Amino acid sequence: MRESASWLAPGRVNLIGEHTDYNDGFVLPLAIEFGCRATVSPGPDGLLRFVSAQESEPVEVPVEGLAPDGVQGWAAYPAGVLWALGVDLPGLTVTVDSDVPLGAGLSSSAALTCSVAAAANDLLELGLSPRELVAVARKAENGFVGAPTGGMDQLASMLGEAGSVLFCDMRSLDVRPVRFALDDAGLALLVVDSNAPHRHADGEYAARRKACEQAASVLGVSALRDVTLDGLDEALAKLAPEPDGDVLVKRARHIVTENARVTDVVARLDAGQIREIGPLLTASHASMREDFEITVPEVDVLVEALLAAGAHGARMTGGGFGGCVIALVDNDAVAAAVRAAADAAAAHGFAAPRTFVTAPAAGAHAVDPSGAEPPRQPPVDTNASGAPDAG
């Protein structure tokens, strides 16, 4: 075994397709330039040691004690990856350093788990493919941490490509890069972190997922992905008489129309009509606000302000209940959009938002273990305590 292996895996922004992943639907994420570097090296026999540049104290776990619920806090994520590998482990030291903002809906958790999975695979010479590493990272979050992620984040982090968004079929897990030529069109993708308390409560997420599963069961399909836009009215008519029918109608309507919006955006991008995707982004936000009920006033105000400032489209991105807004804006309108967002937040007494412009970046890749490629300065404060962001 060599001295160490280091990999960098990025966070992600989801261009469109929210909560469709666990409904076997379609999503369109992109890897971003902020990520997590993981270095895995041999350690004392029988001991797993986890060290984070963002945490003051390392966490040590006996190899024989590696089990779900046996590790708490941030270290559960890298520990879960080692558990999910399903191999006999030697003593290892895992060191991580992330510049993905926590609590912003940019999936710092996928960056963490994917970087650790890739580095451990490299050091231990397991020969796992990128897709197999996606499964390992997802198993770590689902089976060890207990986070009900749908798999999109890990796909984007492992398989993202510079210059392209990733069209993912979450049933087959087939992916296709779709060119996202922002510069050619004179456009920028602006990310605005609301700095709202990230109210991504497990109970709320679980309730949305349960409602979707219940709606699919009533409709006799394996997942809401199987309801087409043409068959939506008939499906909603079947759901309406059910107990909590009004909720089931709204949840199902969001998923079905969101899937249609994702495929519509892909068609427009394939045709080189990048500006024309703006209204679809805005329609996605309205659906999340009215039908899926996962937005909060802070993000709603930002979306309205960005649109009023001339954005071609704007929407919340991520699991909801806080986090970031994205906006498609002209390059020469970025500064005005940033000012509009700040002014709107101040006028409503909300926390000042923080912003950055992003573009599709490369997925997970090996880096120099010596640290010659340090993480970039974060666009928002990542010093706040808390677990990585799963949404």
# chains A, B, ... in the order shown; residues from 1 in each chain; ligands from 1
>>> residues_around(residues="range 40-45 of chain A", least_positions_apart="5", cutoff="9 Å", atoms="only C-alpha atoms", output="list in words")
Met1, Arg2, Glu3, Ser4, Ala5, Ser6, Trp7, Val63, Pro90, Gly91, Leu92, Thr93, Val94, Thr95, Val96, Val116, Ala119, Ala120, Asp122 and Leu123 of chain A
>>> residues_around(residues="range 35-37 of chain A", least_positions_apart="4", cutoff="8 Å", atoms="only C-alpha atoms", output="PyMOL selection string")
chain A and resi 6-11+96-100+108+111-112+115+375
>>> write_last_selection(atoms="N, CA and C atoms", output="mmCIF file, in the first residue's frame")
data_model
loop_
_atom_site.group_PDB
_atom_site.id
_atom_site.type_symbol
_atom_site.label_atom_id
_atom_site.label_comp_id
_atom_site.auth_asym_id
_atom_site.auth_seq_id
_atom_site.Cartn_x
_atom_site.Cartn_y
_atom_site.Cartn_z
ATOM 1 N N SER A 6 -5.200 11.007 -2.744
ATOM 2 C CA SER A 6 -6.027 12.214 -2.557
ATOM 3 C C SER A 6 -6.929 12.424 -3.766
ATOM 4 N N TRP A 7 -8.203 12.690 -3.483
ATOM 5 C CA TRP A 7 -9.173 12.990 -4.537
ATOM 6 C C TRP A 7 -9.980 14.211 -4.135
ATOM 7 N N LEU A 8 -10.359 14.975 -5.163
ATOM 8 C CA LEU A 8 -11.238 16.131 -4.982
ATOM 9 C C LEU A 8 -12.569 15.840 -5.650
ATOM 10 N N ALA A 9 -13.657 16.011 -4.918
ATOM 11 C CA ALA A 9 -14.997 15.841 -5.487
ATOM 12 C C ALA A 9 -15.791 17.122 -5.245
ATOM 13 N N PRO A 10 -16.548 17.580 -6.247
ATOM 14 C CA PRO A 10 -17.234 18.861 -6.135
ATOM 15 C C PRO A 10 -18.605 18.767 -5.490
ATOM 16 N N GLY A 11 -19.080 19.918 -5.029
ATOM 17 C CA GLY A 11 -20.487 20.061 -4.719
ATOM 18 C C GLY A 11 -21.265 20.204 -6.016
ATOM 19 N N VAL A 96 -9.911 15.443 5.529
ATOM 20 C CA VAL A 96 -10.746 16.127 4.549
ATOM 21 C C VAL A 96 -10.639 17.637 4.731
ATOM 22 N N ASP A 97 -10.810 18.344 3.621
ATOM 23 C CA ASP A 97 -10.782 19.803 3.622
ATOM 24 C C ASP A 97 -11.750 20.270 2.549
ATOM 25 N N SER A 98 -12.816 20.944 2.956
ATOM 26 C CA SER A 98 -13.886 21.306 2.030
ATOM 27 C C SER A 98 -14.107 22.808 1.986
ATOM 28 N N ASP A 99 -14.381 23.321 0.789
ATOM 29 C CA ASP A 99 -14.797 24.707 0.669
ATOM 30 C C ASP A 99 -16.217 24.817 0.121
ATOM 31 N N VAL A 100 -16.986 23.704 0.167
ATOM 32 C CA VAL A 100 -18.396 23.763 -0.217
ATOM 33 C C VAL A 100 -19.176 24.364 0.954
ATOM 34 N N SER A 108 -22.679 19.632 0.136
ATOM 35 C CA SER A 108 -21.361 19.391 0.728
ATOM 36 C C SER A 108 -21.218 17.933 1.146
ATOM 37 N N ALA A 111 -19.989 15.863 -1.848
ATOM 38 C CA ALA A 111 -18.575 16.164 -2.079
ATOM 39 C C ALA A 111 -17.701 15.405 -1.091
ATOM 40 N N LEU A 112 -18.145 15.347 0.155
ATOM 41 C CA LEU A 112 -17.391 14.643 1.199
ATOM 42 C C LEU A 112 -17.378 13.143 0.953
ATOM 43 N N SER A 115 -15.507 12.122 -2.414
ATOM 44 C CA SER A 115 -14.047 12.269 -2.364
ATOM 45 C C SER A 115 -13.424 11.174 -1.510
ATOM 46 N N PRO A 375 -8.007 23.890 -1.659
ATOM 47 C CA PRO A 375 -9.359 24.371 -1.937
ATOM 48 C C PRO A 375 -9.375 25.888 -2.060
#
>>> atom_distance(atom1="CA of Thr228 in chain A", atom2="CA of Ala252 in chain A")
10.9 Å
>>> residues_around(residues="Ala260 in chain A", least_positions_apart="6", cutoff="12 Å", atoms="only C-alpha atoms", output="ChimeraX atom specification")
/A:16-18,20,25-28,224-230,232,253-254,266-267,280-281,283-284
>>> closest_residue(among="A:Gly105, A:Gly80, A:Pro360, A:Gly319", to="Arg209 in chain A", atoms="only C-alpha atoms")
A:Gly319
>>> residues_around(residues="Ala181 in chain A", least_positions_apart="5", cutoff="8 Å", atoms="only C-alpha atoms", output="list in words")
Gly163, Ser164 and Ile274 of chain A
>>> write_last_selection(atoms="N, CA and C atoms", output="mmCIF file, in the first residue's frame")
data_model
loop_
_atom_site.group_PDB
_atom_site.id
_atom_site.type_symbol
_atom_site.label_atom_id
_atom_site.label_comp_id
_atom_site.auth_asym_id
_atom_site.auth_seq_id
_atom_site.Cartn_x
_atom_site.Cartn_y
_atom_site.Cartn_z
ATOM 1 N N GLY A 163 -18.311 22.295 -18.482
ATOM 2 C CA GLY A 163 -19.026 22.809 -19.642
ATOM 3 C C GLY A 163 -20.367 22.172 -19.914
ATOM 4 N N SER A 164 -20.761 21.199 -19.105
ATOM 5 C CA SER A 164 -22.023 20.495 -19.354
ATOM 6 C C SER A 164 -22.812 20.284 -18.069
ATOM 7 N N ILE A 274 -30.396 28.382 -25.086
ATOM 8 C CA ILE A 274 -30.146 28.453 -23.650
ATOM 9 C C ILE A 274 -30.963 29.547 -22.977
#
>>> atom_distance(atom1="CA of Glu55 in chain A", atom2="CA of Pro78 in chain A")
13.7 Å
>>> select_by_dssp(residues="range 56-138 of chain A", states="strand (DSSP E or B)", output="compact mmCIF listing (two decimals) with all heavy atoms, in the first residue's frame")
# COMPACT_ATOMS: atom_id res chain seq x y z
N VAL A 59 -11.77 12.52 15.05
CA VAL A 59 -12.66 11.49 15.57
C VAL A 59 -12.01 10.13 15.30
O VAL A 59 -11.57 9.87 14.18
CB VAL A 59 -14.05 11.55 14.90
CG1 VAL A 59 -14.93 10.40 15.38
CG2 VAL A 59 -14.72 12.89 15.19
N GLU A 60 -11.94 9.29 16.32
CA GLU A 60 -11.33 7.98 16.17
C GLU A 60 -12.37 6.89 16.44
O GLU A 60 -13.16 6.99 17.38
CB GLU A 60 -10.14 7.82 17.12
CG GLU A 60 -8.99 8.78 16.78
CD GLU A 60 -7.77 8.56 17.65
OE1 GLU A 60 -7.91 7.86 18.69
OE2 GLU A 60 -6.69 9.06 17.30
N VAL A 61 -12.35 5.87 15.59
CA VAL A 61 -13.31 4.78 15.67
C VAL A 61 -12.57 3.47 15.47
O VAL A 61 -11.82 3.32 14.50
CB VAL A 61 -14.40 4.91 14.58
CG1 VAL A 61 -15.41 3.77 14.68
CG2 VAL A 61 -15.11 6.26 14.67
N PRO A 62 -12.73 2.49 16.35
CA PRO A 62 -12.12 1.18 16.11
C PRO A 62 -12.72 0.55 14.85
O PRO A 62 -13.93 0.68 14.60
CB PRO A 62 -12.49 0.37 17.36
CG PRO A 62 -12.88 1.39 18.38
CD PRO A 62 -13.45 2.55 17.63
N LEU A 92 -6.79 3.19 9.03
CA LEU A 92 -6.72 4.26 8.04
C LEU A 92 -6.87 5.62 8.71
O LEU A 92 -7.58 5.75 9.72
CB LEU A 92 -7.82 4.11 6.99
CG LEU A 92 -7.77 2.89 6.07
CD1 LEU A 92 -9.06 2.80 5.25
CD2 LEU A 92 -6.55 2.95 5.14
N THR A 93 -6.24 6.62 8.11
CA THR A 93 -6.47 8.00 8.49
C THR A 93 -7.10 8.72 7.29
O THR A 93 -6.56 8.65 6.18
CB THR A 93 -5.18 8.71 8.89
OG1 THR A 93 -4.65 8.09 10.06
CG2 THR A 93 -5.43 10.18 9.18
N VAL A 94 -8.24 9.36 7.53
CA VAL A 94 -8.95 10.10 6.48
C VAL A 94 -8.92 11.58 6.85
O VAL A 94 -9.43 11.97 7.90
CB VAL A 94 -10.40 9.61 6.35
CG1 VAL A 94 -11.14 10.41 5.28
CG2 VAL A 94 -10.45 8.11 6.04
N THR A 95 -8.33 12.37 5.98
CA THR A 95 -8.24 13.81 6.22
C THR A 95 -9.01 14.53 5.12
O THR A 95 -8.81 14.26 3.94
CB THR A 95 -6.77 14.28 6.19
OG1 THR A 95 -6.03 13.55 7.17
CG2 THR A 95 -6.67 15.77 6.48
N VAL A 96 -9.91 15.44 5.53
CA VAL A 96 -10.75 16.13 4.55
C VAL A 96 -10.64 17.64 4.73
O VAL A 96 -10.41 18.14 5.83
CB VAL A 96 -12.22 15.68 4.64
CG1 VAL A 96 -12.36 14.20 4.33
CG2 VAL A 96 -12.82 15.99 6.00
N ASP A 97 -10.81 18.34 3.62
CA ASP A 97 -10.78 19.80 3.62
C ASP A 97 -11.75 20.27 2.55
O ASP A 97 -11.54 19.99 1.37
CB ASP A 97 -9.37 20.31 3.34
CG ASP A 97 -9.23 21.81 3.53
OD1 ASP A 97 -10.24 22.46 3.86
OD2 ASP A 97 -8.11 22.34 3.31
N SER A 98 -12.82 20.94 2.96
CA SER A 98 -13.89 21.31 2.03
C SER A 98 -14.11 22.81 1.99
O SER A 98 -14.02 23.49 3.02
CB SER A 98 -15.20 20.63 2.44
OG SER A 98 -16.26 21.00 1.59
>>> residues_around(residues="Ala31 in chain A", least_positions_apart="3", cutoff="7 Å", atoms="only C-alpha atoms", output="count of residues only")
11
>>> residues_around(residues="Glu276 in chain A", least_positions_apart="6", cutoff="12 Å", atoms="only C-alpha atoms", output="list in words")
Ala185, Leu187, Asp264, Val265, Val266, Ala267, Arg268, Leu269, Asp270, Thr282, Ala311, His312, Gly313, Leu328 and Val329 of chain A
>>> write_last_selection(atoms="N, CA, C and O atoms", output="PDB file, in the first residue's frame")
ATOM      1  N   ALA A 185     -23.345  32.378 -24.994  1.00  0.00           N
ATOM      2  CA  ALA A 185     -24.600  33.133 -25.047  1.00  0.00           C
ATOM      3  C   ALA A 185     -24.522  34.444 -24.279  1.00  0.00           C
ATOM      4  O   ALA A 185     -25.521  35.168 -24.185  1.00  0.00           O
ATOM      5  N   LEU A 187     -24.126  34.748 -21.055  1.00  0.00           N
ATOM      6  CA  LEU A 187     -24.944  34.554 -19.857  1.00  0.00           C
ATOM      7  C   LEU A 187     -24.088  34.102 -18.681  1.00  0.00           C
ATOM      8  O   LEU A 187     -22.971  33.601 -18.851  1.00  0.00           O
ATOM      9  N   ASP A 264     -37.911  19.345 -21.090  1.00  0.00           N
ATOM     10  CA  ASP A 264     -38.065  20.522 -21.937  1.00  0.00           C
ATOM     11  C   ASP A 264     -36.792  21.358 -21.944  1.00  0.00           C
ATOM     12  O   ASP A 264     -36.347  21.860 -22.986  1.00  0.00           O
ATOM     13  N   VAL A 265     -36.186  21.535 -20.766  1.00  0.00           N
ATOM     14  CA  VAL A 265     -34.920  22.276 -20.686  1.00  0.00           C
ATOM     15  C   VAL A 265     -33.845  21.562 -21.502  1.00  0.00           C
ATOM     16  O   VAL A 265     -33.087  22.197 -22.257  1.00  0.00           O
ATOM     17  N   VAL A 266     -33.764  20.251 -21.379  1.00  0.00           N
ATOM     18  CA  VAL A 266     -32.767  19.494 -22.141  1.00  0.00           C
ATOM     19  C   VAL A 266     -32.975  19.690 -23.641  1.00  0.00           C
ATOM     20  O   VAL A 266     -32.017  19.900 -24.394  1.00  0.00           O
ATOM     21  N   ALA A 267     -34.212  19.641 -24.085  1.00  0.00           N
ATOM     22  CA  ALA A 267     -34.496  19.837 -25.510  1.00  0.00           C
ATOM     23  C   ALA A 267     -34.046  21.209 -25.978  1.00  0.00           C
ATOM     24  O   ALA A 267     -33.474  21.360 -27.070  1.00  0.00           O
ATOM     25  N   ARG A 268     -34.284  22.217 -25.172  1.00  0.00           N
ATOM     26  CA  ARG A 268     -33.873  23.577 -25.536  1.00  0.00           C
ATOM     27  C   ARG A 268     -32.345  23.709 -25.554  1.00  0.00           C
ATOM     28  O   ARG A 268     -31.776  24.351 -26.436  1.00  0.00           O
ATOM     29  N   LEU A 269     -31.677  23.110 -24.581  1.00  0.00           N
ATOM     30  CA  LEU A 269     -30.220  23.166 -24.580  1.00  0.00           C
ATOM     31  C   LEU A 269     -29.637  22.417 -25.772  1.00  0.00           C
ATOM     32  O   LEU A 269     -28.663  22.871 -26.389  1.00  0.00           O
ATOM     33  N   ASP A 270     -30.209  21.279 -26.087  1.00  0.00           N
ATOM     34  CA  ASP A 270     -29.739  20.530 -27.259  1.00  0.00           C
ATOM     35  C   ASP A 270     -29.895  21.354 -28.533  1.00  0.00           C
ATOM     36  O   ASP A 270     -29.110  21.217 -29.479  1.00  0.00           O
ATOM     37  N   THR A 282     -38.241  29.508 -13.751  1.00  0.00           N
ATOM     38  CA  THR A 282     -39.183  30.266 -12.919  1.00  0.00           C
ATOM     39  C   THR A 282     -40.433  29.443 -12.620  1.00  0.00           C
ATOM     40  O   THR A 282     -40.947  29.464 -11.491  1.00  0.00           O
ATOM     41  N   ALA A 311     -33.450  39.045 -14.676  1.00  0.00           N
ATOM     42  CA  ALA A 311     -33.031  37.655 -14.865  1.00  0.00           C
ATOM     43  C   ALA A 311     -33.973  36.950 -15.841  1.00  0.00           C
ATOM     44  O   ALA A 311     -35.183  37.182 -15.836  1.00  0.00           O
ATOM     45  N   HIS A 312     -33.417  36.087 -16.674  1.00  0.00           N
ATOM     46  CA  HIS A 312     -34.235  35.335 -17.625  1.00  0.00           C
ATOM     47  C   HIS A 312     -35.063  34.266 -16.916  1.00  0.00           C
ATOM     48  O   HIS A 312     -36.112  33.842 -17.420  1.00  0.00           O
ATOM     49  N   GLY A 313     -34.598  33.830 -15.775  1.00  0.00           N
ATOM     50  CA  GLY A 313     -35.308  32.854 -14.973  1.00  0.00           C
ATOM     51  C   GLY A 313     -34.613  32.708 -13.638  1.00  0.00           C
ATOM     52  O   GLY A 313     -33.412  32.987 -13.522  1.00  0.00           O
ATOM     53  N   LEU A 328     -30.515  32.845 -14.093  1.00  0.00           N
ATOM     54  CA  LEU A 328     -29.866  32.953 -15.388  1.00  0.00           C
ATOM     55  C   LEU A 328     -29.905  34.417 -15.803  1.00  0.00           C
ATOM     56  O   LEU A 328     -30.990  34.963 -16.047  1.00  0.00           O
ATOM     57  N   VAL A 329     -28.744  35.043 -15.857  1.00  0.00           N
ATOM     58  CA  VAL A 329     -28.693  36.486 -16.104  1.00  0.00           C
ATOM     59  C   VAL A 329     -27.671  36.790 -17.193  1.00  0.00           C
ATOM     60  O   VAL A 329     -26.748  36.012 -17.448  1.00  0.00           O
TER      61      VAL A 329
END
>>> residues_around(residues="Asp291 in chain A", least_positions_apart="5", cutoff="10 Å", atoms="only C-alpha atoms", output="NGL selection string")
:A and (246-255 or 285-286)
>>> atom_distance(atom1="CA of Arg275 in chain A", atom2="CA of Val191 in chain A")
16.9 Å
